[in-house]
Amino acid sequence: MIEVRDLHRHFGGFHAVDGASLSIDKGTITGLIGPNGAGKSTLFNVIAGVLPPTSGQVLMEGEEITGLKPHELFDRGLLRTFQIAHEFHSMTVRENLMMVPPGQTGETLWNTWFSRKQIAAEEAALRDKADEVLDFLTISHLADERAGNLSGGQKKLLELGRTMMVDARVVFLDEVGAGVNRTLLGTIGDAIVRLNKERGYTFCLIEHDMDFIGRLCDPVIVMAEGHVLAEGSAEEVMANEQVIEAYLGTGLKNKGAA
Ligand SMILES: Nc1ncnc2c1ncn2[C@@H]1O[C@H](COP(=O)(O)OP(=O)(O)OP(=O)(O)O)[C@@H](O)[C@H]1O
């Protein structure tokens with residue numbers, strides 16, 4: 001579904017992504033792991049149109065998407081989640097969801113003036129959709145809470161919810177588990193699996209929590225020094241000597257020796 005061919009992204013003389021080639025197959029929950037500074041976030045940013053590549057190609061279903069802007073990729077159903085923008089913190093959770101879909105009639109003053117009825121109908125439909133999303137994510141009780149009051153994990157669920165307001169096909173999640181408590185991480189994991197199984201979402205997620213990766217992801221791609229070092233099931237990559245050396249280091253070795 002997504003194919004990355006010999007991608008490079010340099011910052012001055014520093015090669016953050018240095019010849020990365022990989023595929024994210026349709027219908028998978030693909031994990032992307034690697035030591036700090038391996039180039040994972042930079043790779044995500046290039047795929048998602050946030051950063052232009054220095055060279056190389058990104059294809060989506062065979063079509064070149066290299067260098068497209070985030071909104072152009074959004075229209076194709078490729079989304080990279082970001083933390084909720086600061087200005088949305090004072091809005092409620094439901095309002096945050098209702099903000100997402102593009103092309104609402106109410107966006108222009110002209111339309112606001114002439115088609116109040118249509119706007120009311122669109123708003124009602126959006127509200128229903130937002131409530132359905134909240135129900136799916138089991139956070140209906142937070143609908144009227146200000147987004148700024150949510151815990152880190154609840155905000156991650158809201159980010160996932162925002163992808164459900166549009167026709168997302170492939171979603172890139174960066175460190176969804178960072179600073180999230182175990183219970184909520186379980187809820188987030190369940191939502192990802194259900195979106196994958198029930199709604200056909202393809203996911204690619206960067207994550208440092210190996211339990212989370214092991215539970216959700218197949219395959220797992222390991223990056224080191226800007227390129228792909230290994231790929232396989234979570235068990236396979238965790239048993240791979242090169243991976244152990246490059247990334248997991250003594251932690252995993254100790255685990256094996258214990
Ligand atoms: N805008 C930038 N300017 C200069 N160097 C950058 C920039 N963005 C990233 N880098 C460097 O590129 C390297 C790769 O960073 P990146 O964030 O992609 O790694 P990562 O694998 O996501 O790491 P982590 O797991 O710590 O988030 C790092 O050494 C980082 O300092």
# chains A, B, ... in the order shown; residues from 1 in each chain; ligands from 1

call {"tool": "residues_near_ligand", "arguments": {"ligand": "ligand 1", "cutoff": "10 Å", "atoms": "only C-alpha atoms and all ligand atoms", "output": "number ranges by chain"}}
result
A: 9-17, 32-46, 51, 174-175, 206-208, 222-226

call {"tool": "select_by_dssp", "arguments": {"residues": "region 106-233 of chain A", "states": "strand (DSSP E)", "output": "ChimeraX atom specification"}}
result
/A:170-174,202-206,220-224,227-232

call {"tool": "write_last_selection", "arguments": {"atoms": "N, CA and C atoms", "output": "PDB file, in the first residue's frame"}}
result
ATOM      1  N   VAL A 170      -4.855   4.870   5.760  1.00  0.00           N
ATOM      2  CA  VAL A 170      -3.586   4.488   6.400  1.00  0.00           C
ATOM      3  C   VAL A 170      -3.203   5.582   7.392  1.00  0.00           C
ATOM      4  N   VAL A 171      -2.935   5.143   8.616  1.00  0.00           N
ATOM      5  CA  VAL A 171      -2.696   6.092   9.695  1.00  0.00           C
ATOM      6  C   VAL A 171      -1.308   5.861  10.287  1.00  0.00           C
ATOM      7  N   PHE A 172      -0.550   6.940  10.409  1.00  0.00           N
ATOM      8  CA  PHE A 172       0.782   6.900  11.001  1.00  0.00           C
ATOM      9  C   PHE A 172       0.697   7.452  12.416  1.00  0.00           C
ATOM     10  N   LEU A 173       1.064   6.635  13.375  1.00  0.00           N
ATOM     11  CA  LEU A 173       0.973   7.030  14.788  1.00  0.00           C
ATOM     12  C   LEU A 173       2.370   7.076  15.385  1.00  0.00           C
ATOM     13  N   ASP A 174       2.726   8.222  15.938  1.00  0.00           N
ATOM     14  CA  ASP A 174       4.060   8.385  16.502  1.00  0.00           C
ATOM     15  C   ASP A 174       3.997   8.309  18.026  1.00  0.00           C
ATOM     16  N   THR A 202      -5.172   0.574   7.750  1.00  0.00           N
ATOM     17  CA  THR A 202      -3.790   0.124   7.811  1.00  0.00           C
ATOM     18  C   THR A 202      -3.082   1.080   8.769  1.00  0.00           C
ATOM     19  N   PHE A 203      -2.238   0.533   9.641  1.00  0.00           N
ATOM     20  CA  PHE A 203      -1.516   1.401  10.586  1.00  0.00           C
ATOM     21  C   PHE A 203      -0.010   1.218  10.432  1.00  0.00           C
ATOM     22  N   CYS A 204       0.708   2.283  10.668  1.00  0.00           N
ATOM     23  CA  CYS A 204       2.148   2.170  10.881  1.00  0.00           C
ATOM     24  C   CYS A 204       2.434   2.940  12.154  1.00  0.00           C
ATOM     25  N   LEU A 205       2.993   2.271  13.140  1.00  0.00           N
ATOM     26  CA  LEU A 205       3.239   2.979  14.384  1.00  0.00           C
ATOM     27  C   LEU A 205       4.662   2.881  14.894  1.00  0.00           C
ATOM     28  N   ILE A 206       5.154   4.050  15.296  1.00  0.00           N
ATOM     29  CA  ILE A 206       6.452   4.131  15.965  1.00  0.00           C
ATOM     30  C   ILE A 206       6.176   3.944  17.441  1.00  0.00           C
ATOM     31  N   VAL A 220       7.187  -6.106  12.055  1.00  0.00           N
ATOM     32  CA  VAL A 220       7.910  -5.032  12.736  1.00  0.00           C
ATOM     33  C   VAL A 220       9.147  -4.711  11.890  1.00  0.00           C
ATOM     34  N   ILE A 221       9.323  -3.423  11.602  1.00  0.00           N
ATOM     35  CA  ILE A 221      10.479  -2.975  10.830  1.00  0.00           C
ATOM     36  C   ILE A 221      11.426  -2.268  11.792  1.00  0.00           C
ATOM     37  N   VAL A 222      12.692  -2.623  11.725  1.00  0.00           N
ATOM     38  CA  VAL A 222      13.678  -1.997  12.616  1.00  0.00           C
ATOM     39  C   VAL A 222      14.555  -1.051  11.808  1.00  0.00           C
ATOM     40  N   MET A 223      14.627   0.190  12.273  1.00  0.00           N
ATOM     41  CA  MET A 223      15.522   1.160  11.644  1.00  0.00           C
ATOM     42  C   MET A 223      16.729   1.416  12.536  1.00  0.00           C
ATOM     43  N   ALA A 224      17.853   1.661  11.909  1.00  0.00           N
ATOM     44  CA  ALA A 224      19.052   2.108  12.631  1.00  0.00           C
ATOM     45  C   ALA A 224      19.856   2.964  11.675  1.00  0.00           C
ATOM     46  N   HIS A 227      18.444   3.764   8.076  1.00  0.00           N
ATOM     47  CA  HIS A 227      17.966   2.784   7.100  1.00  0.00           C
ATOM     48  C   HIS A 227      17.366   1.570   7.810  1.00  0.00           C
ATOM     49  N   VAL A 228      16.801   0.674   7.007  1.00  0.00           N
ATOM     50  CA  VAL A 228      16.142  -0.491   7.593  1.00  0.00           C
ATOM     51  C   VAL A 228      17.182  -1.561   7.894  1.00  0.00           C
ATOM     52  N   LEU A 229      17.164  -2.014   9.129  1.00  0.00           N
ATOM     53  CA  LEU A 229      18.127  -3.014   9.578  1.00  0.00           C
ATOM     54  C   LEU A 229      17.537  -4.418   9.502  1.00  0.00           C
ATOM     55  N   ALA A 230      16.259  -4.554   9.837  1.00  0.00           N
ATOM     56  CA  ALA A 230      15.641  -5.879   9.857  1.00  0.00           C
ATOM     57  C   ALA A 230      14.133  -5.740   9.777  1.00  0.00           C
ATOM     58  N   GLU A 231      13.493  -6.836   9.380  1.00  0.00           N
ATOM     59  CA  GLU A 231      12.029  -6.860   9.346  1.00  0.00           C
ATOM     60  C   GLU A 231      11.565  -8.284   9.628  1.00  0.00           C
ATOM     61  N   GLY A 232      10.471  -8.410  10.352  1.00  0.00           N
ATOM     62  CA  GLY A 232       9.926  -9.736  10.644  1.00  0.00           C
ATOM     63  C   GLY A 232       8.866  -9.610  11.713  1.00  0.00           C
TER      64      GLY A 232
END

call {"tool": "closest_residue", "arguments": {"among": "A:Glu122, A:Glu63, A:Asp128, A:Asp75", "to": "Ala168 (chain A)", "atoms": "only C-alpha atoms"}}
result
A:Asp75

call {"tool": "atom_distance", "arguments": {"atom1": "CA of Val50 (chain A)", "atom2": "CA of Glu64 (chain A)"}}
result
16.0 Å

call {"tool": "closest_residue", "arguments": {"among": "A:Glu198, A:Glu3, A:Glu72, A:Asp25", "to": "Leu59 (chain A)", "atoms": "only C-alpha atoms"}}
result
A:Glu3

call {"tool": "select_by_dssp", "arguments": {"residues": "region 10-68 of chain A", "states": "helix (DSSP H, G or I)", "output": "MDAnalysis selection string"}}
result
chainID A and resid 40:47

call {"tool": "residues_around", "arguments": {"residues": "Leu97 (chain A)", "least_positions_apart": "2", "cutoff": "8 Å", "atoms": "only C-alpha atoms", "output": "MDAnalysis selection string"}}
result
chainID A and resid 93:95 99:100 130 158 161:162 165

call {"tool": "write_last_selection", "arguments": {"atoms": "N, CA and C atoms", "output": "mmCIF file, in the first residue's frame"}}
result
data_model
loop_
_atom_site.group_PDB
_atom_site.id
_atom_site.type_symbol
_atom_site.label_atom_id
_atom_site.label_comp_id
_atom_site.auth_asym_id
_atom_site.auth_seq_id
_atom_site.Cartn_x
_atom_site.Cartn_y
_atom_site.Cartn_z
ATOM 1 N N VAL A 93 -14.326 17.887 23.631
ATOM 2 C CA VAL A 93 -13.899 16.714 22.871
ATOM 3 C C VAL A 93 -14.773 16.560 21.625
ATOM 4 N N ARG A 94 -16.077 16.699 21.801
ATOM 5 C CA ARG A 94 -16.982 16.545 20.650
ATOM 6 C C ARG A 94 -16.696 17.617 19.599
ATOM 7 N N GLU A 95 -16.491 18.849 20.059
ATOM 8 C CA GLU A 95 -16.205 19.935 19.102
ATOM 9 C C GLU A 95 -14.902 19.683 18.343
ATOM 10 N N MET A 99 -14.619 19.426 14.218
ATOM 11 C CA MET A 99 -13.773 20.343 13.444
ATOM 12 C C MET A 99 -13.079 19.657 12.275
ATOM 13 N N VAL A 100 -12.961 18.330 12.313
ATOM 14 C CA VAL A 100 -12.048 17.658 11.396
ATOM 15 C C VAL A 100 -12.459 17.649 9.917
ATOM 16 N N ALA A 130 -19.654 12.304 15.374
ATOM 17 C CA ALA A 130 -18.718 12.465 16.501
ATOM 18 C C ALA A 130 -19.156 11.573 17.664
ATOM 19 N N LEU A 158 -8.407 10.684 21.471
ATOM 20 C CA LEU A 158 -9.049 11.744 20.686
ATOM 21 C C LEU A 158 -8.361 11.897 19.327
ATOM 22 N N GLY A 161 -9.611 9.259 17.283
ATOM 23 C CA GLY A 161 -10.992 9.601 16.938
ATOM 24 C C GLY A 161 -11.056 10.572 15.775
ATOM 25 N N ARG A 162 -10.110 11.490 15.742
ATOM 26 C CA ARG A 162 -10.097 12.479 14.649
ATOM 27 C C ARG A 162 -9.856 11.802 13.301
ATOM 28 N N MET A 165 -13.128 10.550 11.778
ATOM 29 C CA MET A 165 -14.105 11.522 11.259
ATOM 30 C C MET A 165 -13.964 11.675 9.747
#

call {"tool": "residues_around", "arguments": {"residues": "Ile2 (chain A)", "least_positions_apart": "5", "cutoff": "9 Å", "atoms": "only C-alpha atoms", "output": "list in words"}}
result
Leu22, Ser23, Ile24, Asp25, Lys26, Ile47, Val58, Leu59, Met60, Glu61, Gly62 and Val170 of chain A

call {"tool": "closest_residue", "arguments": {"among": "A:Gln242, A:Gln57, A:Thr138, A:Asn96", "to": "Thr163 (chain A)", "atoms": "only C-alpha atoms"}}
result
A:Asn96

call {"tool": "closest_residue", "arguments": {"among": "A:Thr54, A:Thr187, A:Thr66, A:Gln154", "to": "Gly19 (chain A)", "atoms": "only C-alpha atoms"}}
result
A:Thr54

call {"tool": "residues_around", "arguments": {"residues": "Phe212 (chain A)", "least_positions_apart": "3", "cutoff": "10 Å", "atoms": "only C-alpha atoms", "output": "ChimeraX atom specification"}}
result
/A:31,176-177,182,185-186,189,207-209,215-217

call {"tool": "closest_residue", "arguments": {"among": "A:Lys156, A:His71, A:Arg127, A:His89", "to": "Ala191 (chain A)", "atoms": "only C-alpha atoms"}}
result
A:Lys156

call {"tool": "closest_residue", "arguments": {"among": "A:Ala20, A:Glu159, A:Ile29, A:Met91", "to": "Ile213 (chain A)", "atoms": "only C-alpha atoms"}}
result
A:Ile29

call {"tool": "decode", "arguments": {"residues": "region 203-258 of chain A", "atoms": "C-alpha atoms", "output": "PDB file, in the first residue's frame"}}
result
ATOM      1  CA  PHE A 203      -1.516   1.401  10.586  1.00  0.00           C
ATOM      2  CA  CYS A 204       2.148   2.170  10.881  1.00  0.00           C
ATOM      3  CA  LEU A 205       3.239   2.979  14.384  1.00  0.00           C
ATOM      4  CA  ILE A 206       6.452   4.131  15.965  1.00  0.00           C
ATOM      5  CA  GLU A 207       6.661   2.838  19.482  1.00  0.00           C
ATOM      6  CA  HIS A 208       9.274   2.177  22.123  1.00  0.00           C
ATOM      7  CA  ASP A 209       7.040  -0.069  24.265  1.00  0.00           C
ATOM      8  CA  MET A 210       7.947  -3.557  23.064  1.00  0.00           C
ATOM      9  CA  ASP A 211       4.996  -5.223  24.832  1.00  0.00           C
ATOM     10  CA  PHE A 212       2.653  -2.954  22.911  1.00  0.00           C
ATOM     11  CA  ILE A 213       4.518  -3.638  19.643  1.00  0.00           C
ATOM     12  CA  GLY A 214       4.477  -7.381  20.306  1.00  0.00           C
ATOM     13  CA  ARG A 215       0.769  -7.390  21.014  1.00  0.00           C
ATOM     14  CA  LEU A 216      -0.285  -5.321  18.000  1.00  0.00           C
ATOM     15  CA  CYS A 217       2.259  -5.319  15.230  1.00  0.00           C
ATOM     16  CA  ASP A 218       3.090  -7.712  12.456  1.00  0.00           C
ATOM     17  CA  PRO A 219       5.417  -7.080  10.773  1.00  0.00           C
ATOM     18  CA  VAL A 220       7.910  -5.032  12.736  1.00  0.00           C
ATOM     19  CA  ILE A 221      10.479  -2.975  10.830  1.00  0.00           C
ATOM     20  CA  VAL A 222      13.678  -1.997  12.616  1.00  0.00           C
ATOM     21  CA  MET A 223      15.522   1.160  11.644  1.00  0.00           C
ATOM     22  CA  ALA A 224      19.052   2.108  12.631  1.00  0.00           C
ATOM     23  CA  GLU A 225      21.205   4.953  11.388  1.00  0.00           C
ATOM     24  CA  GLY A 226      18.629   6.063   8.858  1.00  0.00           C
ATOM     25  CA  HIS A 227      17.966   2.784   7.100  1.00  0.00           C
ATOM     26  CA  VAL A 228      16.142  -0.491   7.593  1.00  0.00           C
ATOM     27  CA  LEU A 229      18.127  -3.014   9.578  1.00  0.00           C
ATOM     28  CA  ALA A 230      15.641  -5.879   9.857  1.00  0.00           C
ATOM     29  CA  GLU A 231      12.029  -6.860   9.346  1.00  0.00           C
ATOM     30  CA  GLY A 232       9.926  -9.736  10.644  1.00  0.00           C
ATOM     31  CA  SER A 233       7.542 -10.687  13.408  1.00  0.00           C
ATOM     32  CA  ALA A 234       8.150  -9.028  16.782  1.00  0.00           C
ATOM     33  CA  GLU A 235       9.677 -12.270  18.038  1.00  0.00           C
ATOM     34  CA  GLU A 236      11.967 -12.566  15.044  1.00  0.00           C
ATOM     35  CA  VAL A 237      13.342  -9.043  15.238  1.00  0.00           C
ATOM     36  CA  MET A 238      13.796  -9.252  18.982  1.00  0.00           C
ATOM     37  CA  ALA A 239      15.869 -12.390  18.497  1.00  0.00           C
ATOM     38  CA  ASN A 240      17.939 -10.834  15.701  1.00  0.00           C
ATOM     39  CA  GLU A 241      21.540 -10.305  16.820  1.00  0.00           C
ATOM     40  CA  GLN A 242      22.032  -7.183  14.703  1.00  0.00           C
ATOM     41  CA  VAL A 243      18.921  -5.654  16.225  1.00  0.00           C
ATOM     42  CA  ILE A 244      20.020  -6.571  19.714  1.00  0.00           C
ATOM     43  CA  GLU A 245      23.346  -4.894  19.099  1.00  0.00           C
ATOM     44  CA  ALA A 246      22.014  -1.802  17.366  1.00  0.00           C
ATOM     45  CA  TYR A 247      18.970  -1.069  19.403  1.00  0.00           C
ATOM     46  CA  LEU A 248      17.972  -3.236  22.263  1.00  0.00           C
ATOM     47  CA  GLY A 249      21.496  -3.559  23.549  1.00  0.00           C
ATOM     48  CA  THR A 250      22.190  -4.957  26.947  1.00  0.00           C
ATOM     49  CA  GLY A 251      18.580  -4.699  28.081  1.00  0.00           C
ATOM     50  CA  LEU A 252      17.445  -7.559  25.880  1.00  0.00           C
ATOM     51  CA  LYS A 253      20.671  -9.483  26.241  1.00  0.00           C
ATOM     52  CA  ASN A 254      20.218  -9.395  29.996  1.00  0.00           C
ATOM     53  CA  LYS A 255      16.644 -10.509  29.582  1.00  0.00           C
ATOM     54  CA  GLY A 256      17.851 -13.466  27.502  1.00  0.00           C
ATOM     55  CA  ALA A 257      20.591 -14.300  29.973  1.00  0.00           C
ATOM     56  CA  ALA A 258      18.328 -14.094  33.002  1.00  0.00           C
TER      57      ALA A 258
END
